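start_5.cif (mmCIF, C-alpha atoms)
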data_upload
loop_
_atom_site.label_atom_id
_atom_site.label_comp_id
_atom_site.auth_asym_id
_atom_site.auth_seq_id
_atom_site.Cartn_x
_atom_site.Cartn_y
_atom_site.Cartn_z
CA MET A 61 101.92 121.79 38.54
CA GLY A 62 102.59 122.89 34.99
CA GLU A 63 104.27 120.60 32.50
CA MET A 64 107.81 121.29 31.40
CA THR A 65 108.41 122.02 27.72
CA ALA A 66 111.04 120.02 25.85
CA GLN A 67 113.33 122.97 25.11
CA HIS A 68 113.78 123.68 28.83
CA GLU A 69 114.29 120.20 30.23
CA SER A 70 115.97 117.33 28.42
CA THR A 71 117.44 113.93 29.21
CA GLN A 72 119.20 111.33 27.13
CA ASN A 73 116.36 110.56 24.73
CA SER A 74 117.39 112.86 21.86
CA ILE A 75 121.18 112.44 22.02
CA PRO A 76 123.15 109.65 20.27
CA SER A 77 124.53 107.09 22.73
CA GLU A 78 128.17 107.56 21.66
CA ILE A 79 127.95 111.25 22.63
CA LEU A 80 125.77 110.64 25.66
CA ASN A 81 128.06 108.05 27.28
CA ARG A 82 131.47 109.51 26.46
CA GLU A 83 133.39 109.61 29.78
CA VAL A 84 130.07 109.55 31.63
CA LEU A 85 130.30 109.62 35.47
CA GLN A 86 134.06 110.29 35.24
CA HIS A 87 133.85 114.02 35.88
CA GLY A 88 132.13 116.34 38.30
CA CYS A 89 132.34 117.48 41.91
CA ALA A 90 131.20 116.32 45.34
CA HIS A 91 127.63 117.29 44.49
CA TYR A 92 127.07 116.27 40.86
CA LYS A 93 128.51 113.94 38.23
CA ARG A 94 128.74 116.15 35.13
CA ARG A 95 131.08 116.95 32.28
CA CYS A 96 131.26 120.70 32.70
CA LYS A 97 132.03 123.46 35.20
CA ILE A 98 130.22 126.78 35.60
CA ARG A 99 131.42 130.37 35.55
CA ALA A 100 129.73 132.26 38.36
CA PRO A 101 128.06 135.45 37.07
CA CYS A 102 128.45 137.13 40.46
CA CYS A 103 132.23 136.84 40.94
CA ASN A 104 133.37 135.56 37.51
CA GLN A 105 135.12 132.54 39.06
CA ILE A 106 134.91 128.92 37.88
CA PHE A 107 133.35 126.23 40.10
CA GLY A 108 132.19 122.64 39.79
CA CYS A 109 128.58 123.64 40.54
CA ARG A 110 126.52 126.20 42.42
CA HIS A 111 126.94 124.32 45.70
CA CYS A 112 130.74 124.38 45.28
CA HIS A 113 130.47 128.13 44.77
CA ASN A 114 128.22 128.72 47.78
CA GLU A 115 130.39 126.61 50.08
CA ALA A 116 133.57 128.35 48.96
CA MET A 117 132.21 131.90 48.96
CA ASN A 118 130.50 131.58 52.35
CA SER A 119 133.34 129.93 54.24
CA MET A 120 134.90 131.50 57.34
CA GLU A 121 137.99 132.27 55.28
CA VAL A 122 136.09 134.75 53.08
CA ASP A 123 135.63 138.33 54.26
CA LYS A 124 132.08 138.85 55.55
CA THR A 125 131.49 141.69 53.10
CA LYS A 126 132.35 139.42 50.16
CA ARG A 127 130.27 136.36 51.08
CA HIS A 128 127.40 135.65 48.71
CA GLU A 129 125.18 133.05 47.05
CA ILE A 130 125.22 132.42 43.31
CA PRO A 131 122.14 133.55 41.35
CA ARG A 132 121.65 130.13 39.73
CA HIS A 133 119.26 131.27 37.01
CA GLU A 134 121.75 133.90 35.81
CA ILE A 135 124.50 131.39 34.98
CA SER A 136 125.24 131.96 31.29
CA HIS A 137 128.60 130.26 30.63
CA ILE A 138 130.04 126.79 31.24
CA ILE A 139 133.41 125.14 30.63
CA CYS A 140 133.63 121.69 29.07
CA SER A 141 135.53 119.31 31.36
CA LEU A 142 136.95 117.36 28.40
CA CYS A 143 138.27 120.10 26.11
CA ASP A 144 138.17 123.17 28.42
CA THR A 145 136.12 125.16 25.91
CA GLU A 146 134.13 127.96 27.53
CA GLN A 147 130.73 128.51 25.94
CA GLU A 148 127.17 129.58 26.58
CA VAL A 149 125.02 127.18 28.59
CA ARG A 150 124.06 124.19 26.45
CA GLN A 151 123.87 120.40 26.77
CA VAL A 152 126.33 119.45 23.99
CA CYS A 153 129.82 120.99 23.75
CA ILE A 154 130.25 123.19 20.66
CA ASN A 155 133.88 122.08 20.31
CA CYS A 156 134.28 118.36 21.13
CA GLY A 157 130.61 117.40 20.93
CA VAL A 158 130.46 115.69 24.33
CA CYS A 159 127.18 115.66 26.24
CA MET A 160 127.67 117.78 29.36
CA ALA A 161 125.17 115.68 31.35
CA LYS A 162 122.36 113.20 30.77
CA TYR A 163 119.94 115.47 32.61
CA PHE A 164 119.93 119.15 31.64
CA CYS A 165 117.59 121.97 32.64
CA ASP A 166 117.99 125.21 30.74
CA ILE A 167 116.02 127.17 33.35
CA CYS A 168 117.97 126.07 36.43
CA LYS A 169 121.23 125.61 34.50
CA LEU A 170 121.42 122.18 36.10
CA PHE A 171 123.59 119.40 34.68
CA ASP A 172 123.65 115.89 36.19
CA ASP A 173 124.77 112.53 34.79
CA ASP A 174 123.20 110.57 37.64
CA ILE A 175 119.66 110.23 36.33
CA SER A 176 118.79 107.62 38.97
CA LYS A 177 117.72 110.65 41.01
CA GLN A 178 114.76 111.03 38.62
CA GLN A 179 115.17 114.76 38.25
CA TYR A 180 112.35 116.94 36.97
CA HIS A 181 111.69 120.66 36.76
CA CYS A 182 108.68 122.03 38.64
CA ASN A 183 107.26 125.23 37.20
CA GLY A 184 105.48 125.98 40.49
CA CYS A 185 108.68 125.77 42.53
CA GLY A 186 110.75 127.31 39.76
CA ILE A 187 113.56 124.82 40.37
CA CYS A 188 114.43 121.19 39.65
CA ARG A 189 113.39 118.48 42.09
CA ILE A 190 114.31 114.80 42.41
CA GLY A 191 112.23 111.68 42.93
CA GLY A 192 110.21 111.53 39.70
CA ARG A 193 107.49 113.91 38.50
CA GLU A 194 104.85 111.17 38.77
CA ASN A 195 105.57 110.76 42.50
CA PHE A 196 105.03 114.39 43.49
CA PHE A 197 102.49 117.19 43.17
CA HIS A 198 102.90 120.93 43.62
CA CYS A 199 100.76 122.52 46.33
CA PHE A 200 100.32 126.14 45.31
CA LYS A 201 99.29 127.29 48.79
CA CYS A 202 102.25 125.63 50.52
CA GLY A 203 104.42 126.72 47.58
CA CYS A 204 106.34 123.47 47.17
CA CYS A 205 106.29 119.87 45.93
CA TYR A 206 105.01 117.13 48.23
CA SER A 207 104.76 113.36 47.87
CA ILE A 208 101.64 112.31 45.99
CA VAL A 209 100.51 110.36 49.09
CA LEU A 210 99.91 113.72 50.82
CA LYS A 211 97.80 115.20 48.01
CA ASN A 212 94.46 114.84 49.79
CA GLY A 213 95.71 114.56 53.34
CA HIS A 214 98.08 117.35 54.33
CA SER A 215 97.42 120.57 56.26
CA CYS A 216 98.23 123.56 54.05
CA VAL A 217 100.49 126.23 55.52
CA GLU A 218 101.21 129.16 53.24
CA LYS A 219 104.79 128.97 51.93
CA ALA A 220 105.47 126.05 54.30
CA MET A 221 108.91 125.33 52.82
CA HIS A 222 110.03 128.92 52.33
CA HIS A 223 111.78 129.19 55.68
CA ASP A 224 114.69 127.72 57.60
CA CYS A 225 114.47 124.34 59.28
CA PRO A 226 113.51 125.15 62.91
CA ILE A 227 116.14 122.69 64.16
CA CYS A 228 119.28 123.24 62.05
CA PHE A 229 118.29 126.55 60.36
CA GLU A 230 119.12 125.45 56.80
CA TYR A 231 116.78 126.97 54.18
CA LEU A 232 114.32 124.18 53.42
CA PHE A 233 113.07 125.19 49.98
CA GLU A 234 116.42 124.57 48.29
CA SER A 235 117.76 121.93 50.69
CA ARG A 236 119.21 118.74 49.22
CA ASN A 237 118.27 116.81 52.37
CA ASP A 238 114.93 115.02 52.81
CA VAL A 239 112.13 117.11 54.31
CA THR A 240 109.11 115.83 56.24
CA VAL A 241 105.69 117.44 56.65
CA LEU A 242 104.22 117.34 60.14
CA PRO A 243 100.46 116.83 60.73
CA CYS A 244 100.16 120.54 61.50
CA GLY A 245 101.58 121.39 58.06
CA HIS A 246 104.94 122.71 59.23
CA THR A 247 108.12 121.29 57.71
CA LEU A 248 111.60 120.33 58.83
CA HIS A 249 114.40 118.01 57.78
CA MET A 250 113.69 114.29 58.18
CA ASN A 251 116.98 113.80 60.04
CA CYS A 252 116.17 116.70 62.37
CA PHE A 253 112.75 115.18 63.05
CA LYS A 254 114.33 111.82 63.89
CA GLU A 255 116.78 113.58 66.21
CA MET A 256 113.83 115.24 67.96
CA GLN A 257 112.22 111.86 68.52
CA ASP A 258 115.51 110.42 69.79
CA HIS A 259 115.41 113.15 72.45
CA LEU A 260 111.74 112.38 73.26
CA GLN A 261 110.47 115.60 71.71
CA TYR A 262 107.04 115.01 70.15
CA ILE A 263 105.70 118.51 69.55
CA CYS A 264 106.18 120.81 66.57
CA PRO A 265 108.96 123.30 67.33
CA LEU A 266 106.92 126.04 65.62
CA CYS A 267 103.34 125.62 66.86
CA SER A 268 103.71 123.05 69.67
CA LYS A 269 101.07 120.67 68.26
CA SER A 270 101.68 116.94 68.74
CA VAL A 271 103.59 115.44 65.80
CA CYS A 272 102.24 111.88 66.17
CA ASP A 273 99.48 109.86 67.81
CA MET A 274 100.01 110.37 71.55
CA SER A 275 96.92 108.47 72.77
CA ARG A 276 98.94 105.72 74.48
CA VAL A 277 101.04 108.32 76.29
CA TRP A 278 97.88 110.11 77.45
CA GLU A 279 96.46 106.79 78.73
CA LYS A 280 99.64 106.22 80.70
CA LEU A 281 99.36 109.71 82.19
CA ASP A 282 95.75 108.99 83.14
CA THR A 283 96.93 105.96 85.11
CA GLU A 284 99.81 107.82 86.77
CA ILE A 285 97.61 110.76 87.77
CA ALA A 286 94.94 108.45 89.17
CA ALA A 287 97.64 106.72 91.24
CA THR A 288 99.09 110.00 92.49
CA PRO A 289 96.43 111.95 94.39
CA MET A 290 97.28 115.54 95.20
CA PRO A 291 97.60 116.67 98.84
CA GLU A 292 94.37 117.96 100.39
CA LEU A 293 95.61 121.55 100.08
CA TYR A 294 95.59 121.24 96.24
CA GLN A 295 92.64 118.92 95.67
CA ASN A 296 90.27 121.78 94.82
CA LYS A 297 92.80 123.97 93.03
CA MET A 298 91.68 124.88 89.50
CA VAL A 299 93.84 126.28 86.68
CA ARG A 300 93.13 127.69 83.24
CA ILE A 301 94.96 125.89 80.44
CA LEU A 302 95.45 126.29 76.70
CA CYS A 303 95.53 123.09 74.67
CA ASN A 304 98.33 123.15 72.09
CA ASP A 305 96.55 120.48 70.03
CA CYS A 306 92.99 121.80 69.67
CA GLY A 307 93.46 125.41 70.77
CA MET A 308 90.69 125.31 73.40
CA ILE A 309 90.95 127.17 76.70
CA SER A 310 89.46 125.39 79.69
CA GLU A 311 89.52 125.35 83.48
CA VAL A 312 90.64 122.04 84.97
CA GLN A 313 91.77 120.57 88.24
CA PHE A 314 95.45 121.16 88.92
CA HIS A 315 97.85 118.23 89.08
CA VAL A 316 101.60 118.37 89.45
CA LEU A 317 102.15 115.85 86.61
CA ALA A 318 100.04 117.37 83.85
CA GLN A 319 96.74 119.05 82.97
CA LYS A 320 94.30 117.35 80.62
CA CYS A 321 92.35 119.27 77.97
CA SER A 322 88.62 118.89 78.68
CA ASN A 323 87.86 119.11 74.94
CA CYS A 324 90.23 116.74 73.09
CA LYS A 325 91.67 114.92 76.15
CA SER A 326 95.23 115.82 75.24
CA TYR A 327 97.87 116.46 77.87
CA ASN A 328 99.78 118.72 75.49
CA THR A 329 98.66 121.79 77.39
CA ARG A 330 100.06 124.81 79.18
CA LYS A 331 98.81 126.94 82.04
CA ILE A 332 97.69 130.48 81.23
#
What do you get writing this file as structure tokens?
Amino acid sequence: MGEMTAQHESTQNSIPSEILNREVLQHGCAHYKRRCKIRAPCCNQIFGCRHCHNEAMNSMEVDKTKRHEIPRHEISHIICSLCDTEQEVRQVCINCGVCMAKYFCDICKLFDDDISKQQYHCNGCGICRIGGRENFFHCFKCGCCYSIVLKNGHSCVEKAMHHDCPICFEYLFESRNDVTVLPCGHTLHMNCFKEMQDHLQYICPLCSKSVCDMSRVWEKLDTEIAATPMPELYQNKMVRILCNDCGMISEVQFHVLAQKCSNCKSYNTRKI
């Protein structure tokens, strides 16, 4: 991940405290604390932030032909929340001198006074992320930032985050909700993953691989199958199965409860 140059990303370090803290955290919208609004380049309307725009312009009340997303990188004008002066995108108001936000990214046109989020701009992603630059790395094959703990231990899937969550269908790459990476490399929202587990779903909704260690479950199935012999008519019945976990095709003895992969011993299989 490339380093961000000072002219593109700035925080409070270079701004006098009396300007930096003037009416700080007193302005903003439901998404950001900031001391400015934006003028949308697509429809020329004023909004608190890009999320305010996207929510308003994609609501059911807007004609389908007029619904649209804001091109965030094309935002060129902002309005100071203290003096109402409209001006080109900048961190300090040209009229009253107030700091628009403690965190400012000139590339993303992002303003935010809540720096506890530890915002940083990732050149690889092309957008700002939260959580602290030192805690994340950019995987160029997956095309997104992951926690540093996954740097040498995740399965790469090309453009893994550049798709909708398979559960709720929100676009993951720009989502403000936490995202988790499954052992197979596929991604989905953390809350959606927890909801899956609450409903006893333990396979990836995209590739059907197991999402956690299922060895104890397989041991329990071994016991149940051993205690449930098949009727004589089916004792010699064989079926071909595909293992969702290792991808091997094998021929095994049929059982009404489940079929066990002869290669990796997983019961996450299907008949073919």
Task: Exercise: region 126-136 of chain A partners within 9 Å, only C-alpha atoms, chain neighbours under 4 positions left out, as a ChimeraX atom specification - done: /A:98-103,110-111,113-119,122,147-149,166-170
Export, as a CSV table (one decimal), in the frame of the given file, the selected residues with C-alpha atoms.
chain,number,residue,atom,x,y,z
A,98,ILE,CA,130.2,126.8,35.6
A,99,ARG,CA,131.4,130.4,35.6
A,100,ALA,CA,129.7,132.3,38.4
A,101,PRO,CA,128.1,135.4,37.1
A,102,CYS,CA,128.4,137.1,40.5
A,103,CYS,CA,132.2,136.8,40.9
A,110,ARG,CA,126.5,126.2,42.4
A,111,HIS,CA,126.9,124.3,45.7
A,113,HIS,CA,130.5,128.1,44.8
A,114,ASN,CA,128.2,128.7,47.8
A,115,GLU,CA,130.4,126.6,50.1
A,116,ALA,CA,133.6,128.4,49.0
A,117,MET,CA,132.2,131.9,49.0
A,118,ASN,CA,130.5,131.6,52.4
A,119,SER,CA,133.3,129.9,54.2
A,122,VAL,CA,136.1,134.8,53.1
A,147,GLN,CA,130.7,128.5,25.9
A,148,GLU,CA,127.2,129.6,26.6
A,149,VAL,CA,125.0,127.2,28.6
A,166,ASP,CA,118.0,125.2,30.7
A,167,ILE,CA,116.0,127.2,33.4
A,168,CYS,CA,118.0,126.1,36.4
A,169,LYS,CA,121.2,125.6,34.5
A,170,LEU,CA,121.4,122.2,36.1
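Residue nearest Gly88 (chain A), chosen from A:Val271, A:Met120, A:Met160, A:His137 and counting all atoms listed in the file: A:Met160.
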- [ ] Tell me which of A:Met298, A:Leu242, A:Met250, A:Cys185 sits closest to Cys272 (chain A), counting all atoms listed in the file.
- [x] A:Leu242
Contacts of region 287-289 of chain A at 9 Å or less, counting all atoms listed in the file, minus same-chain residues fewer than 5 places along, as a PDB file with C-alpha atoms, in the frame of the given file?
ATOM      1  CA  ASP A 282      95.750 108.990  83.140  1.00  0.00           C
ATOM      2  CA  GLN A 295      92.640 118.920  95.670  1.00  0.00           C
ATOM      3  CA  HIS A 315      97.850 118.230  89.080  1.00  0.00           C
ATOM      4  CA  LEU A 317     102.150 115.850  86.610  1.00  0.00           C
TER       5      LEU A 317
END
Identify, on the basis of only C-alpha atoms, every residue whose closest approach to Val316 (chain A) does not exceed 12 Å; exclude the query and any residue fewer than 5 positions from it along the same chain; express the result as a PDB file with C-alpha atoms, in the frame of the given file.
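The result, stored in part37.pdb:
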ATOM      1  CA  LEU A 281      99.360 109.710  82.190  1.00  0.00           C
ATOM      2  CA  GLU A 284      99.810 107.820  86.770  1.00  0.00           C
ATOM      3  CA  ILE A 285      97.610 110.760  87.770  1.00  0.00           C
ATOM      4  CA  ALA A 286      94.940 108.450  89.170  1.00  0.00           C
ATOM      5  CA  THR A 288      99.090 110.000  92.490  1.00  0.00           C
ATOM      6  CA  PRO A 289      96.430 111.950  94.390  1.00  0.00           C
ATOM      7  CA  MET A 290      97.280 115.540  95.200  1.00  0.00           C
ATOM      8  CA  PRO A 291      97.600 116.670  98.840  1.00  0.00           C
ATOM      9  CA  TYR A 294      95.590 121.240  96.240  1.00  0.00           C
ATOM     10  CA  GLN A 295      92.640 118.920  95.670  1.00  0.00           C
ATOM     11  CA  LYS A 297      92.800 123.970  93.030  1.00  0.00           C
ATOM     12  CA  MET A 298      91.680 124.880  89.500  1.00  0.00           C
ATOM     13  CA  VAL A 299      93.840 126.280  86.680  1.00  0.00           C
ATOM     14  CA  LYS A 331      98.810 126.940  82.040  1.00  0.00           C
TER      15      LYS A 331
END
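Counting all atoms listed in the file, Ala220 (chain A) has the following residues at most 7 Å away, ignoring those fewer than 3 positions along the same chain: Cys202, Gly203, Val217, His246 and Thr247 of chain A.
Our summary of the geometry notes that CA of Glu78 (chain A) is positioned 14.8 Å from CA of Leu142 (chain A).
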- [ ] Report the residues retrieved by the PyMOL selection byres ((chain A and resi 188-193) around 9) from the displayed file, expressed as an MDAnalysis selection string.
- [x] chainID A and resid 165 167:168 170 176:183 185:187 194:197 205
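You will find CA of Lys325 (chain A) at 17.8 Å from CA of Cys244 (chain A).
Taking only C-alpha atoms into account, His249 (chain A) lies nearest to A:Cys228 out of the set A:Ile106, A:Cys228, A:Cys306, A:Ile154.
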Task: Separation of CA of Asp305 (chain A) from CA of Ser268 (chain A) in Å - done: 7.6 Å
Open item on the list: I'd like the residues picked by the PyMOL selection byres ((chain A and resi 97) around 6) written out as a PyMOL selection string, using the chain letters and numbers from the file.
Closed with: chain A and resi 96+98+107-108+138-139
Task: Neighbour list for region 254-257 of chain A as a list of chain:residue names, cut-off 12 Å, only C-alpha atoms, skip fewer than 3 positions in-chain - done: A:Pro226, A:Ile227, A:Cys228, A:Asp238, A:Val239, A:Thr240, A:Leu248, A:His249, A:Met250, A:Asn251, A:Leu260, A:Gln261, A:Tyr262, A:Ile263, A:Cys264, A:Pro265, A:Ser270, A:Val271, A:Cys272
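Of the listed residues (A:Asp173, A:Asp273, A:Glu121, A:Glu146), A:Asp273 comes nearest to Asn328 (chain A); the distances count all atoms listed in the file.
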